[in-house]
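K.L.:
This one is start_30.cif, mmCIF, N, CA and C atoms.
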```cif
data_data
loop_
_atom_site.label_atom_id
_atom_site.label_comp_id
_atom_site.auth_asym_id
_atom_site.auth_seq_id
_atom_site.Cartn_x
_atom_site.Cartn_y
_atom_site.Cartn_z
N MET U 8 -22.73 1.25 -13.85
CA MET U 8 -22.04 2.50 -14.10
C MET U 8 -20.64 2.45 -13.48
N VAL U 9 -19.67 2.92 -14.21
CA VAL U 9 -18.29 2.94 -13.74
C VAL U 9 -18.09 4.12 -12.80
N PRO U 10 -17.54 3.88 -11.60
CA PRO U 10 -17.32 5.01 -10.70
C PRO U 10 -16.28 5.97 -11.25
N SER U 11 -16.58 7.26 -11.18
CA SER U 11 -15.64 8.26 -11.70
C SER U 11 -14.55 8.58 -10.70
N ASN U 12 -14.70 8.16 -9.48
CA ASN U 12 -13.73 8.48 -8.44
C ASN U 12 -12.94 7.24 -8.00
N LEU U 13 -12.59 6.39 -8.92
CA LEU U 13 -11.91 5.14 -8.58
C LEU U 13 -10.52 5.38 -8.00
N GLN U 14 -9.77 6.34 -8.54
CA GLN U 14 -8.45 6.60 -7.97
C GLN U 14 -8.55 7.13 -6.55
N THR U 15 -9.48 8.05 -6.32
CA THR U 15 -9.71 8.56 -4.97
C THR U 15 -10.13 7.42 -4.04
N GLY U 16 -11.01 6.57 -4.53
CA GLY U 16 -11.48 5.44 -3.75
C GLY U 16 -10.39 4.44 -3.43
N MET U 17 -9.48 4.21 -4.37
CA MET U 17 -8.38 3.27 -4.12
C MET U 17 -7.40 3.81 -3.08
N ARG U 18 -7.08 5.09 -3.15
CA ARG U 18 -6.18 5.66 -2.15
C ARG U 18 -6.82 5.56 -0.76
N ALA U 19 -8.10 5.94 -0.67
CA ALA U 19 -8.81 5.87 0.61
C ALA U 19 -8.92 4.42 1.09
N ALA U 20 -9.18 3.50 0.17
CA ALA U 20 -9.28 2.09 0.54
C ALA U 20 -7.96 1.56 1.08
N ALA U 21 -6.85 1.92 0.45
CA ALA U 21 -5.54 1.47 0.92
C ALA U 21 -5.30 1.95 2.35
N VAL U 22 -5.59 3.21 2.61
CA VAL U 22 -5.40 3.77 3.96
C VAL U 22 -6.33 3.08 4.95
N ASP U 23 -7.60 2.93 4.60
CA ASP U 23 -8.55 2.29 5.50
C ASP U 23 -8.19 0.83 5.78
N LEU U 24 -7.81 0.11 4.73
CA LEU U 24 -7.44 -1.30 4.90
C LEU U 24 -6.25 -1.45 5.84
N LEU U 25 -5.23 -0.64 5.64
CA LEU U 25 -4.04 -0.73 6.49
C LEU U 25 -4.33 -0.29 7.93
N THR U 26 -5.11 0.77 8.07
CA THR U 26 -5.46 1.26 9.40
C THR U 26 -6.30 0.24 10.16
N ASP U 27 -7.31 -0.30 9.50
CA ASP U 27 -8.18 -1.29 10.13
C ASP U 27 -7.42 -2.57 10.46
N TYR U 28 -6.54 -2.98 9.55
CA TYR U 28 -5.73 -4.18 9.80
C TYR U 28 -4.83 -3.98 11.01
N ALA U 29 -4.16 -2.84 11.09
CA ALA U 29 -3.27 -2.57 12.22
C ALA U 29 -4.05 -2.58 13.53
N THR U 30 -5.22 -1.99 13.52
CA THR U 30 -6.06 -1.97 14.72
C THR U 30 -6.45 -3.40 15.11
N ALA U 31 -6.89 -4.19 14.13
CA ALA U 31 -7.32 -5.56 14.40
C ALA U 31 -6.17 -6.42 14.93
N GLN U 32 -4.95 -6.15 14.47
CA GLN U 32 -3.78 -6.95 14.88
C GLN U 32 -3.04 -6.36 16.08
N GLY U 33 -3.45 -5.18 16.52
CA GLY U 33 -2.77 -4.54 17.63
C GLY U 33 -1.39 -4.01 17.28
N ILE U 34 -1.22 -3.61 16.01
CA ILE U 34 0.06 -3.07 15.54
C ILE U 34 -0.01 -1.55 15.59
N LYS U 35 1.02 -0.93 16.12
CA LYS U 35 1.09 0.54 16.14
C LYS U 35 1.71 1.01 14.84
N LEU U 36 0.91 0.98 13.79
CA LEU U 36 1.35 1.29 12.43
C LEU U 36 0.95 2.71 12.07
N GLN U 37 1.91 3.52 11.65
CA GLN U 37 1.60 4.84 11.12
C GLN U 37 1.18 4.65 9.66
N VAL U 38 0.05 5.21 9.27
CA VAL U 38 -0.45 5.05 7.90
C VAL U 38 -0.65 6.43 7.30
N TYR U 39 -0.13 6.60 6.06
CA TYR U 39 -0.21 7.89 5.36
C TYR U 39 -0.81 7.69 3.97
N ARG U 40 -1.53 8.72 3.49
CA ARG U 40 -2.13 8.71 2.15
C ARG U 40 -1.09 8.87 1.05
N SER U 41 0.06 9.41 1.40
CA SER U 41 1.13 9.63 0.43
C SER U 41 2.47 9.51 1.17
N ARG U 42 3.54 9.79 0.47
CA ARG U 42 4.86 9.65 1.07
C ARG U 42 5.02 10.58 2.28
N PRO U 43 5.43 10.05 3.41
CA PRO U 43 5.54 10.88 4.61
C PRO U 43 6.83 11.69 4.65
N ARG U 44 6.79 12.74 5.40
CA ARG U 44 7.98 13.58 5.58
C ARG U 44 8.99 12.89 6.50
N SER U 45 8.50 12.15 7.50
CA SER U 45 9.40 11.46 8.42
C SER U 45 8.94 10.02 8.59
N LEU U 46 9.88 9.15 8.92
CA LEU U 46 9.59 7.73 9.07
C LEU U 46 9.95 7.27 10.48
N PHE U 47 8.99 6.60 11.11
CA PHE U 47 9.23 5.96 12.40
C PHE U 47 8.56 4.59 12.33
N PRO U 48 9.26 3.58 11.80
CA PRO U 48 8.66 2.26 11.59
C PRO U 48 8.04 1.69 12.87
N PRO U 49 6.98 0.92 12.69
CA PRO U 49 6.40 0.53 11.41
C PRO U 49 5.53 1.65 10.81
N THR U 50 5.72 1.84 9.53
CA THR U 50 5.02 2.88 8.78
C THR U 50 4.54 2.30 7.45
N ALA U 51 3.37 2.72 7.01
CA ALA U 51 2.85 2.32 5.70
C ALA U 51 2.31 3.56 4.99
N PHE U 52 2.47 3.59 3.66
CA PHE U 52 1.97 4.73 2.90
C PHE U 52 1.73 4.34 1.46
N VAL U 53 0.84 5.08 0.81
CA VAL U 53 0.60 4.90 -0.62
C VAL U 53 1.75 5.60 -1.33
N ASP U 54 2.54 4.81 -2.05
CA ASP U 54 3.72 5.34 -2.73
C ASP U 54 3.36 5.93 -4.09
N ARG U 55 2.51 5.22 -4.83
CA ARG U 55 2.10 5.72 -6.14
C ARG U 55 0.82 5.01 -6.57
N ILE U 56 0.14 5.67 -7.50
CA ILE U 56 -1.08 5.10 -8.08
C ILE U 56 -0.94 5.15 -9.60
N THR U 57 -1.25 4.04 -10.24
CA THR U 57 -1.25 3.98 -11.70
C THR U 57 -2.60 3.43 -12.16
N GLU U 58 -2.89 3.64 -13.43
CA GLU U 58 -4.16 3.15 -13.96
C GLU U 58 -3.98 2.68 -15.39
N SER U 59 -4.65 1.58 -15.71
CA SER U 59 -4.72 1.14 -17.10
C SER U 59 -6.20 1.12 -17.49
N LEU U 60 -6.45 1.41 -18.77
CA LEU U 60 -7.81 1.47 -19.29
C LEU U 60 -7.93 0.53 -20.48
N VAL U 61 -9.04 -0.18 -20.55
CA VAL U 61 -9.34 -1.01 -21.71
C VAL U 61 -10.69 -0.54 -22.25
N TRP U 62 -10.67 -0.05 -23.47
CA TRP U 62 -11.89 0.45 -24.11
C TRP U 62 -12.44 -0.65 -25.01
N ASP U 63 -13.72 -0.98 -24.83
CA ASP U 63 -14.31 -2.05 -25.63
C ASP U 63 -15.35 -1.54 -26.63
N GLY U 64 -15.42 -0.23 -26.79
CA GLY U 64 -16.35 0.34 -27.75
C GLY U 64 -17.70 0.71 -27.17
N THR U 65 -17.94 0.43 -25.89
CA THR U 65 -19.23 0.76 -25.29
C THR U 65 -19.28 2.19 -24.76
N GLY U 66 -18.13 2.84 -24.73
CA GLY U 66 -18.08 4.19 -24.18
C GLY U 66 -17.64 4.21 -22.72
N TRP U 67 -17.60 3.03 -22.09
CA TRP U 67 -17.15 2.92 -20.70
C TRP U 67 -15.94 2.00 -20.65
N PRO U 68 -14.84 2.48 -20.12
CA PRO U 68 -13.65 1.62 -20.09
C PRO U 68 -13.65 0.68 -18.89
N GLN U 69 -12.93 -0.42 -19.05
CA GLN U 69 -12.58 -1.26 -17.90
C GLN U 69 -11.39 -0.56 -17.25
N ARG U 70 -11.54 -0.13 -16.03
CA ARG U 70 -10.48 0.60 -15.32
C ARG U 70 -9.81 -0.32 -14.31
N THR U 71 -8.50 -0.31 -14.32
CA THR U 71 -7.72 -1.02 -13.31
C THR U 71 -6.79 -0.01 -12.67
N VAL U 72 -7.06 0.32 -11.41
CA VAL U 72 -6.25 1.27 -10.67
C VAL U 72 -5.38 0.48 -9.71
N THR U 73 -4.08 0.74 -9.77
CA THR U 73 -3.12 0.05 -8.92
C THR U 73 -2.55 1.03 -7.91
N ALA U 74 -2.68 0.67 -6.64
CA ALA U 74 -2.08 1.45 -5.56
C ALA U 74 -0.90 0.65 -5.01
N ASP U 75 0.30 1.20 -5.19
CA ASP U 75 1.49 0.59 -4.61
C ASP U 75 1.68 1.16 -3.21
N VAL U 76 1.68 0.27 -2.24
CA VAL U 76 1.81 0.65 -0.84
C VAL U 76 3.15 0.13 -0.33
N VAL U 77 3.88 0.97 0.37
CA VAL U 77 5.13 0.55 0.99
C VAL U 77 4.88 0.42 2.49
N VAL U 78 5.27 -0.72 3.04
CA VAL U 78 5.21 -0.95 4.48
C VAL U 78 6.65 -1.05 4.95
N VAL U 79 7.06 -0.12 5.79
CA VAL U 79 8.42 -0.10 6.33
C VAL U 79 8.37 -0.79 7.69
N HIS U 80 9.08 -1.93 7.78
CA HIS U 80 9.00 -2.77 8.98
C HIS U 80 10.01 -2.39 10.05
N GLY U 81 11.18 -1.93 9.65
CA GLY U 81 12.21 -1.62 10.63
C GLY U 81 13.56 -1.48 9.97
N ALA U 82 14.59 -1.50 10.77
CA ALA U 82 15.95 -1.31 10.28
C ALA U 82 16.36 -2.46 9.37
N PHE U 83 17.19 -2.13 8.40
CA PHE U 83 17.72 -3.08 7.43
C PHE U 83 18.41 -4.26 8.10
N ASP U 84 18.12 -5.42 7.58
CA ASP U 84 18.85 -6.64 7.90
C ASP U 84 18.82 -7.02 9.38
N THR U 85 17.67 -6.86 10.01
CA THR U 85 17.55 -7.35 11.38
C THR U 85 16.55 -8.49 11.40
N GLY U 86 16.77 -9.44 12.25
CA GLY U 86 15.85 -10.55 12.39
C GLY U 86 14.48 -10.09 12.85
N GLU U 87 14.44 -9.08 13.70
CA GLU U 87 13.17 -8.56 14.19
C GLU U 87 12.34 -7.97 13.04
N ALA U 88 12.98 -7.21 12.16
CA ALA U 88 12.27 -6.63 11.02
C ALA U 88 11.76 -7.73 10.10
N ALA U 89 12.56 -8.76 9.87
CA ALA U 89 12.14 -9.87 9.01
C ALA U 89 10.97 -10.63 9.64
N ASP U 90 11.03 -10.87 10.94
CA ASP U 90 9.93 -11.55 11.62
C ASP U 90 8.65 -10.72 11.56
N ASN U 91 8.78 -9.40 11.78
CA ASN U 91 7.62 -8.51 11.70
C ASN U 91 7.02 -8.53 10.31
N ARG U 92 7.88 -8.52 9.29
CA ARG U 92 7.41 -8.56 7.90
C ARG U 92 6.63 -9.83 7.64
N ASP U 93 7.19 -10.97 8.02
CA ASP U 93 6.54 -12.26 7.76
C ASP U 93 5.17 -12.33 8.43
N ALA U 94 5.09 -11.93 9.68
CA ALA U 94 3.83 -11.97 10.41
C ALA U 94 2.81 -11.02 9.78
N PHE U 95 3.26 -9.82 9.41
CA PHE U 95 2.38 -8.82 8.80
C PHE U 95 1.80 -9.36 7.50
N VAL U 96 2.66 -9.82 6.61
CA VAL U 96 2.22 -10.26 5.29
C VAL U 96 1.34 -11.50 5.37
N ASP U 97 1.75 -12.50 6.16
CA ASP U 97 0.96 -13.74 6.24
C ASP U 97 -0.47 -13.46 6.68
N ALA U 98 -0.65 -12.60 7.66
CA ALA U 98 -2.00 -12.31 8.15
C ALA U 98 -2.75 -11.37 7.20
N PHE U 99 -2.05 -10.40 6.60
CA PHE U 99 -2.70 -9.41 5.74
C PHE U 99 -3.31 -10.06 4.49
N VAL U 100 -2.65 -11.06 3.94
CA VAL U 100 -3.16 -11.74 2.74
C VAL U 100 -4.58 -12.23 2.97
N TYR U 101 -4.82 -12.92 4.07
CA TYR U 101 -6.13 -13.49 4.32
C TYR U 101 -7.12 -12.47 4.88
N TRP U 102 -6.61 -11.49 5.59
CA TRP U 102 -7.46 -10.43 6.12
C TRP U 102 -8.07 -9.63 4.96
N MET U 103 -7.30 -9.41 3.89
CA MET U 103 -7.76 -8.66 2.71
C MET U 103 -8.85 -9.39 1.94
N ALA U 104 -8.85 -10.70 2.00
CA ALA U 104 -9.73 -11.51 1.15
C ALA U 104 -11.20 -11.16 1.29
N ASP U 105 -11.64 -10.78 2.48
CA ASP U 105 -13.05 -10.48 2.71
C ASP U 105 -13.41 -9.02 2.45
N ARG U 106 -12.44 -8.23 2.04
CA ARG U 106 -12.66 -6.78 1.91
C ARG U 106 -12.54 -6.33 0.45
N TYR U 107 -13.13 -7.08 -0.45
CA TYR U 107 -12.97 -6.84 -1.89
C TYR U 107 -13.78 -5.65 -2.40
N HIS U 108 -14.67 -5.10 -1.60
CA HIS U 108 -15.41 -3.89 -2.00
C HIS U 108 -14.90 -2.65 -1.27
N ALA U 109 -13.65 -2.66 -0.85
CA ALA U 109 -13.10 -1.58 -0.03
C ALA U 109 -13.11 -0.23 -0.75
N ALA U 110 -13.06 -0.22 -2.08
CA ALA U 110 -13.03 1.05 -2.82
C ALA U 110 -14.41 1.49 -3.28
N GLY U 111 -15.44 0.74 -2.96
CA GLY U 111 -16.81 1.09 -3.34
C GLY U 111 -17.60 -0.14 -3.72
N VAL U 112 -18.91 -0.04 -3.66
CA VAL U 112 -19.77 -1.21 -3.89
C VAL U 112 -19.69 -1.73 -5.33
N ASN U 113 -19.36 -0.87 -6.28
CA ASN U 113 -19.28 -1.29 -7.68
C ASN U 113 -17.85 -1.56 -8.12
N THR U 114 -17.00 -1.89 -7.18
CA THR U 114 -15.60 -2.15 -7.49
C THR U 114 -15.17 -3.47 -6.86
N LEU U 115 -14.04 -3.95 -7.31
CA LEU U 115 -13.38 -5.10 -6.70
C LEU U 115 -11.95 -4.68 -6.39
N VAL U 116 -11.48 -5.01 -5.20
CA VAL U 116 -10.10 -4.71 -4.80
C VAL U 116 -9.44 -6.02 -4.40
N GLU U 117 -8.21 -6.21 -4.87
CA GLU U 117 -7.46 -7.40 -4.48
C GLU U 117 -6.01 -7.04 -4.21
N LEU U 118 -5.40 -7.85 -3.38
CA LEU U 118 -3.97 -7.79 -3.16
C LEU U 118 -3.35 -8.67 -4.23
N SER U 119 -2.65 -8.06 -5.20
CA SER U 119 -2.19 -8.83 -6.35
C SER U 119 -0.70 -9.16 -6.33
N ALA U 120 0.08 -8.48 -5.50
CA ALA U 120 1.52 -8.79 -5.45
C ALA U 120 2.11 -8.31 -4.12
N ILE U 121 3.14 -9.04 -3.70
CA ILE U 121 3.89 -8.70 -2.49
C ILE U 121 5.37 -8.82 -2.87
N ASP U 122 6.10 -7.73 -2.73
CA ASP U 122 7.52 -7.73 -3.09
C ASP U 122 8.35 -7.14 -1.96
N ASP U 123 9.36 -7.87 -1.54
CA ASP U 123 10.27 -7.34 -0.52
C ASP U 123 11.20 -6.30 -1.11
N GLU U 124 11.50 -5.32 -0.31
CA GLU U 124 12.53 -4.33 -0.62
C GLU U 124 13.43 -4.27 0.62
N PRO U 125 14.35 -5.25 0.73
CA PRO U 125 15.11 -5.40 1.96
C PRO U 125 16.16 -4.32 2.20
N ALA U 126 16.47 -3.53 1.21
CA ALA U 126 17.44 -2.44 1.38
C ALA U 126 16.80 -1.14 0.89
N TRP U 127 15.63 -0.82 1.46
CA TRP U 127 14.84 0.31 1.02
C TRP U 127 15.27 1.58 1.74
N GLN U 128 15.29 2.66 0.98
CA GLN U 128 15.63 3.97 1.53
C GLN U 128 14.76 5.01 0.81
N PRO U 129 14.16 5.96 1.53
CA PRO U 129 13.33 6.96 0.85
C PRO U 129 14.17 7.79 -0.11
N ASP U 130 13.69 7.95 -1.34
CA ASP U 130 14.46 8.70 -2.34
C ASP U 130 13.92 10.11 -2.56
N TRP U 131 12.86 10.48 -1.87
CA TRP U 131 12.25 11.80 -2.08
C TRP U 131 12.64 12.82 -1.02
N ARG U 132 13.29 12.37 0.01
CA ARG U 132 13.64 13.28 1.10
C ARG U 132 15.03 13.85 0.87
N PRO U 133 15.22 15.12 1.19
CA PRO U 133 16.56 15.70 1.03
C PRO U 133 17.54 15.07 2.01
N ALA U 134 18.79 14.97 1.58
CA ALA U 134 19.81 14.41 2.45
C ALA U 134 19.98 15.29 3.68
N ASN U 135 20.04 14.66 4.81
CA ASN U 135 20.23 15.38 6.07
C ASN U 135 21.73 15.54 6.27
N THR U 136 22.22 16.73 6.03
CA THR U 136 23.66 16.95 6.10
C THR U 136 24.19 16.90 7.53
N THR U 137 23.32 17.12 8.52
CA THR U 137 23.76 17.10 9.91
C THR U 137 23.96 15.67 10.40
N ASN U 138 22.97 14.82 10.14
CA ASN U 138 23.01 13.45 10.66
C ASN U 138 23.35 12.41 9.59
N GLY U 139 23.63 12.83 8.38
CA GLY U 139 23.91 11.88 7.31
C GLY U 139 22.63 11.45 6.61
N PRO U 140 22.74 10.51 5.68
CA PRO U 140 21.56 10.08 4.92
C PRO U 140 20.60 9.28 5.80
N ASP U 141 19.37 9.11 5.27
CA ASP U 141 18.39 8.29 5.96
C ASP U 141 18.93 6.88 6.15
N PRO U 142 18.51 6.21 7.21
CA PRO U 142 18.91 4.82 7.38
C PRO U 142 18.33 3.94 6.28
N ILE U 143 18.85 2.76 6.16
CA ILE U 143 18.31 1.78 5.22
C ILE U 143 17.33 0.91 6.00
N TYR U 144 16.16 0.68 5.40
CA TYR U 144 15.09 -0.04 6.07
C TYR U 144 14.78 -1.35 5.35
N TYR U 145 14.07 -2.22 6.05
CA TYR U 145 13.48 -3.42 5.48
C TYR U 145 12.02 -3.07 5.20
N ALA U 146 11.61 -3.13 3.94
CA ALA U 146 10.25 -2.75 3.55
C ALA U 146 9.63 -3.80 2.64
N THR U 147 8.33 -3.71 2.51
CA THR U 147 7.58 -4.58 1.60
C THR U 147 6.66 -3.69 0.78
N ARG U 148 6.61 -3.98 -0.53
CA ARG U 148 5.69 -3.26 -1.43
C ARG U 148 4.48 -4.17 -1.66
N LEU U 149 3.31 -3.64 -1.32
CA LEU U 149 2.05 -4.34 -1.54
C LEU U 149 1.37 -3.70 -2.74
N THR U 150 0.92 -4.51 -3.67
CA THR U 150 0.21 -3.99 -4.84
C THR U 150 -1.27 -4.31 -4.68
N LEU U 151 -2.06 -3.26 -4.55
CA LEU U 151 -3.51 -3.39 -4.46
C LEU U 151 -4.11 -2.96 -5.80
N GLU U 152 -4.95 -3.80 -6.37
CA GLU U 152 -5.58 -3.46 -7.64
C GLU U 152 -7.08 -3.33 -7.45
N GLY U 153 -7.62 -2.25 -8.00
CA GLY U 153 -9.06 -2.02 -7.97
C GLY U 153 -9.61 -2.05 -9.38
N TYR U 154 -10.73 -2.74 -9.55
CA TYR U 154 -11.33 -2.90 -10.87
C TYR U 154 -12.73 -2.31 -10.90
N ALA U 155 -13.03 -1.64 -11.98
CA ALA U 155 -14.40 -1.18 -12.24
C ALA U 155 -14.57 -1.18 -13.75
N GLY U 156 -15.66 -1.68 -14.21
CA GLY U 156 -15.85 -1.78 -15.66
C GLY U 156 -17.25 -1.44 -16.10
N GLY U 157 -17.34 -1.20 -17.37
CA GLY U 157 -18.61 -0.80 -17.95
C GLY U 157 -19.39 -1.89 -18.49
#
```
Using structure tokens, write down the structure from this file.
P.N.:
Amino acid sequence: MVPSNLQTGMRAAAVDLLTDYATAQGIKLQVYRSRPRSLFPPTAFVDRITESLVWDGTGWPQRTVTADVVVVHGAFDTGEAADNRDAFVDAFVYWMADRYHAAGVNTLVELSAIDDEPAWQPDWRPANTTNGPDPIYYATRLTLEGYAGG
């Protein structure tokens, strides 16, 4: 049976995976279910969720839910932020490998892409007219895909 709560499960899995990983690595990572109001790196959050469906005529679709997670490592163009990014990503790839049922027992979750966003700036927050615009950060976008099929 295809889980009806796959999107809910993927968002929760992304948060749990990042929180558990940070704890295991001793990283003081702020983790949010959605875009945060304020940023104090290192910070990670679910930026967006998308879904594709493949119908094969059985009445149950193959569902692929993608959770795009942004991990903000630190200030733009610093060696420290780059080093933090490299260490985070290298360890997270293999740490994720054993957690393929993170969204539920009838699902599979994988880390399918890692993309740097070295000049990332939040686009949803209003410009702060007192202190100027938000700083530019070094961030990484992690793509987590969850599968459930009929």
K.L.:
Write out as a PyMOL selection string which residues come within 5 Å of region 28-37 of chain U when counting all atoms listed in the file, dropping same-chain ones fewer than 5 positions away.
P.N.:
chain U and resi 49-51
K.L.:
In Å, rounded to a single decimal, give me how far CA of Phe95 (chain U) is from CA of Leu46 (chain U).
P.N.:
18.1 Å
K.L.:
Looking at U:Arg42, U:Arg92, U:Arg106, U:Arg148, which one is nearest to Ala120 (chain U), with distances taken over only N, CA and C atoms?
P.N.:
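Ranked by minimum distance to Ala120 (chain U), first place goes to U:Arg148.
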K.L.:
Evaluate the PyMOL selection byres (((chain U and resi 21 and name CA) around 10) and name CA) against this structure - the residues, as a list in words, please.
P.N.:
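Selected by the PyMOL selection byres (((chain U and resi 21 and name CA) around 10) and name CA) in this file: Gly16, Met17, Arg18, Ala19, Ala20, Val22, Asp23, Leu24, Leu25, Thr26, Asp27, Val38, Tyr39, Arg40, Ala51, Phe52, Val53, Ala74, Asp75, Val76, Ala109, Ala110, Val116, Leu149, Thr150, Leu151 and Glu152 of chain U.
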K.L.:
Let's see if you can do this: from backbone DSSP, list all alpha helix (DSSP H) residues in region 49-115 of chain U, as a PDB file with N, CA and C atoms, in the coordinates of the input.
P.N.:
```
ATOM      1  N   GLY U  86      16.770  -9.440  12.250  1.00  0.00           N
ATOM      2  CA  GLY U  86      15.850 -10.550  12.390  1.00  0.00           C
ATOM      3  C   GLY U  86      14.480 -10.090  12.850  1.00  0.00           C
ATOM      4  N   GLU U  87      14.440  -9.080  13.700  1.00  0.00           N
ATOM      5  CA  GLU U  87      13.170  -8.560  14.190  1.00  0.00           C
ATOM      6  C   GLU U  87      12.340  -7.970  13.040  1.00  0.00           C
ATOM      7  N   ALA U  88      12.980  -7.210  12.160  1.00  0.00           N
ATOM      8  CA  ALA U  88      12.270  -6.630  11.020  1.00  0.00           C
ATOM      9  C   ALA U  88      11.760  -7.730  10.100  1.00  0.00           C
ATOM     10  N   ALA U  89      12.560  -8.760   9.870  1.00  0.00           N
ATOM     11  CA  ALA U  89      12.140  -9.870   9.010  1.00  0.00           C
ATOM     12  C   ALA U  89      10.970 -10.630   9.640  1.00  0.00           C
ATOM     13  N   ASP U  90      11.030 -10.870  10.940  1.00  0.00           N
ATOM     14  CA  ASP U  90       9.930 -11.550  11.620  1.00  0.00           C
ATOM     15  C   ASP U  90       8.650 -10.720  11.560  1.00  0.00           C
ATOM     16  N   ASN U  91       8.780  -9.400  11.780  1.00  0.00           N
ATOM     17  CA  ASN U  91       7.620  -8.510  11.700  1.00  0.00           C
ATOM     18  C   ASN U  91       7.020  -8.530  10.310  1.00  0.00           C
ATOM     19  N   ARG U  92       7.880  -8.520   9.290  1.00  0.00           N
ATOM     20  CA  ARG U  92       7.410  -8.560   7.900  1.00  0.00           C
ATOM     21  C   ARG U  92       6.630  -9.830   7.640  1.00  0.00           C
ATOM     22  N   ASP U  93       7.190 -10.970   8.020  1.00  0.00           N
ATOM     23  CA  ASP U  93       6.540 -12.260   7.760  1.00  0.00           C
ATOM     24  C   ASP U  93       5.170 -12.330   8.430  1.00  0.00           C
ATOM     25  N   ALA U  94       5.090 -11.930   9.680  1.00  0.00           N
ATOM     26  CA  ALA U  94       3.830 -11.970  10.410  1.00  0.00           C
ATOM     27  C   ALA U  94       2.810 -11.020   9.780  1.00  0.00           C
ATOM     28  N   PHE U  95       3.260  -9.820   9.410  1.00  0.00           N
ATOM     29  CA  PHE U  95       2.380  -8.820   8.800  1.00  0.00           C
ATOM     30  C   PHE U  95       1.800  -9.360   7.500  1.00  0.00           C
ATOM     31  N   VAL U  96       2.660  -9.820   6.610  1.00  0.00           N
ATOM     32  CA  VAL U  96       2.220 -10.260   5.290  1.00  0.00           C
ATOM     33  C   VAL U  96       1.340 -11.500   5.370  1.00  0.00           C
ATOM     34  N   ASP U  97       1.750 -12.500   6.160  1.00  0.00           N
ATOM     35  CA  ASP U  97       0.960 -13.740   6.240  1.00  0.00           C
ATOM     36  C   ASP U  97      -0.470 -13.460   6.680  1.00  0.00           C
ATOM     37  N   ALA U  98      -0.650 -12.600   7.660  1.00  0.00           N
ATOM     38  CA  ALA U  98      -2.000 -12.310   8.150  1.00  0.00           C
ATOM     39  C   ALA U  98      -2.750 -11.370   7.200  1.00  0.00           C
ATOM     40  N   PHE U  99      -2.050 -10.400   6.600  1.00  0.00           N
ATOM     41  CA  PHE U  99      -2.700  -9.410   5.740  1.00  0.00           C
ATOM     42  C   PHE U  99      -3.310 -10.060   4.490  1.00  0.00           C
ATOM     43  N   VAL U 100      -2.650 -11.060   3.940  1.00  0.00           N
ATOM     44  CA  VAL U 100      -3.160 -11.740   2.740  1.00  0.00           C
ATOM     45  C   VAL U 100      -4.580 -12.230   2.970  1.00  0.00           C
ATOM     46  N   TYR U 101      -4.820 -12.920   4.070  1.00  0.00           N
ATOM     47  CA  TYR U 101      -6.130 -13.490   4.320  1.00  0.00           C
ATOM     48  C   TYR U 101      -7.120 -12.470   4.880  1.00  0.00           C
ATOM     49  N   TRP U 102      -6.610 -11.490   5.590  1.00  0.00           N
ATOM     50  CA  TRP U 102      -7.460 -10.430   6.120  1.00  0.00           C
ATOM     51  C   TRP U 102      -8.070  -9.630   4.960  1.00  0.00           C
ATOM     52  N   MET U 103      -7.300  -9.410   3.890  1.00  0.00           N
ATOM     53  CA  MET U 103      -7.760  -8.660   2.710  1.00  0.00           C
ATOM     54  C   MET U 103      -8.850  -9.390   1.940  1.00  0.00           C
TER      55      MET U 103
END
```
K.L.:
Once the PyMOL selection byres (((chain U and resi 130 and name CA) around 12) and name CA) is applied to the coordinates I shared, what remains selected? I want it as an MDAnalysis selection string.
P.N.:
chainID U and resid 42:44 54 127:129 131:134 140:143
K.L.:
From the DSSP assignment of the backbone, select every residue of chain U that is strand (DSSP E), and format the answer as JSON, numbers by chain.
P.N.:
{"U": [37, 38, 39, 50, 51, 52, 53, 54, 55, 56, 57, 58, 59, 60, 61, 69, 70, 71, 72, 73, 74, 75, 76, 77, 78, 79, 80, 81, 82, 115, 116, 117, 118, 119, 120, 121, 122, 123, 124, 125, 126, 127, 144, 145, 146, 147, 148, 149, 150, 151, 152, 153, 154, 155]}
K.L.:
Which residues are near Pro48 (chain U)? Cut-off 6 Å, only C-alpha atoms, ignore same chain within fewer than 4 positions. Put them as a list in words.
P.N.:
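Close residues of Pro48 (chain U): Val79, His80 and Gly81 of chain U.
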K.L.:
So how far away is atom N of Ile56 (chain U) from CA of Asp93 (chain U), in Å?
P.N.:
24.4 Å
K.L.:
Go ahead and compute the interatomic distance for atom N of Thr57 (chain U) and CA of Ser41 (chain U), in Å to one decimal.
P.N.:
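Computing the Euclidean distance for atom N of Thr57 (chain U) and CA of Ser41 (chain U) yields 12.3 Å.
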K.L.:
Would you kindly translate the PyMOL selection byres (((chain U and resi 154 and name CA) around 7) and name CA) into the concrete residues it picks from this file, as a VMD selection string?
P.N.:
chain U and resid 70 to 72 114 to 116 152 to 153 155 to 156
K.L.:
With only N, CA and C atoms as the atoms that count, which of U:Ser45, U:Leu118, U:Val78, U:Ala146 lies nearest to Val100 (chain U)?
P.N.:
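Using only N, CA and C atoms, Val100 (chain U) sits closest to U:Leu118.
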